[in-house]
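Comments concern the structure below.
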Amino acid sequence: MKKIQGITLFPFIIVRSKKPSKVLINHEKIHIRQQLELLILPFYIWYVGEWLYHYIRCRSFWRAYRQISFEREAYDNEEDFEYLKNRKFWNFLEYND
């Protein structure tokens, strides 16, 4: 689990580093928005369900993680610090295959 630098458990962002990067914080803020849109609990159910689906298909923890639509949206936009100002509602669906 050394690869995990941060996790968002609404309303908290928990990070490993004492000085997390702006990119990491922005990534986690995108997850906060996703969680709010899905009224929190359904987000976690959807997240785990999507991870299980991808894991069954590829048999790799990290590849399954990177295929989750919530993660794809967050990784694709983590360096855009204006993203949340312009983001469409439920935009993670654009990343769902």
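Going by the structure tokens order, chains are called A, B, ..., each with residues numbered from 1, while ligands are numbered from 1 in the order shown.
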
Can you list, as a ChimeraX atom specification, every protein, DNA or RNA residue that comes within 12 Å of Glu71 (chain A) when you count only C-alpha atoms, leaving out same-chain residues fewer than 2 positions away?
/A:7-8,27-32,34,47-48,50-51,62-69,73-78,91-96

Tell me, as a PyMOL selection string, which residues lie within 9 Å of Asp80 (chain A), counting only C-alpha atoms; anything in the same chain fewer than 4 positions away does not count.
chain A and resi 23+26+76+84

Check chain A with DSSP on the backbone and list each residue it calls strand (DSSP E or B), as a PDB file with C-alpha atoms, in the first residue's frame.
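Dumped everything to result_7.pdb:
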ATOM      1  CA  GLY A   6      -3.887   9.934  -0.239  1.00  0.00           C
ATOM      2  CA  ILE A   7      -7.453   8.853   0.297  1.00  0.00           C
ATOM      3  CA  THR A   8     -10.695  10.742   0.603  1.00  0.00           C
ATOM      4  CA  LEU A   9     -13.204   9.558   3.172  1.00  0.00           C
ATOM      5  CA  PHE A  12     -11.725  14.183   5.076  1.00  0.00           C
ATOM      6  CA  ILE A  13      -8.704  14.038   2.800  1.00  0.00           C
ATOM      7  CA  ILE A  14      -6.042  11.848   4.416  1.00  0.00           C
ATOM      8  CA  VAL A  15      -2.525  12.074   3.012  1.00  0.00           C
TER       9      VAL A  15
END

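Computed from the coordinates, the CA of Asp97 (chain A) to CA of Phe70 (chain A) distance equals 11.8 Å.
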
One number please: CA of Ser60 (chain A) to CA of Lys3 (chain A), in Å, one decimal.
14.2 Å
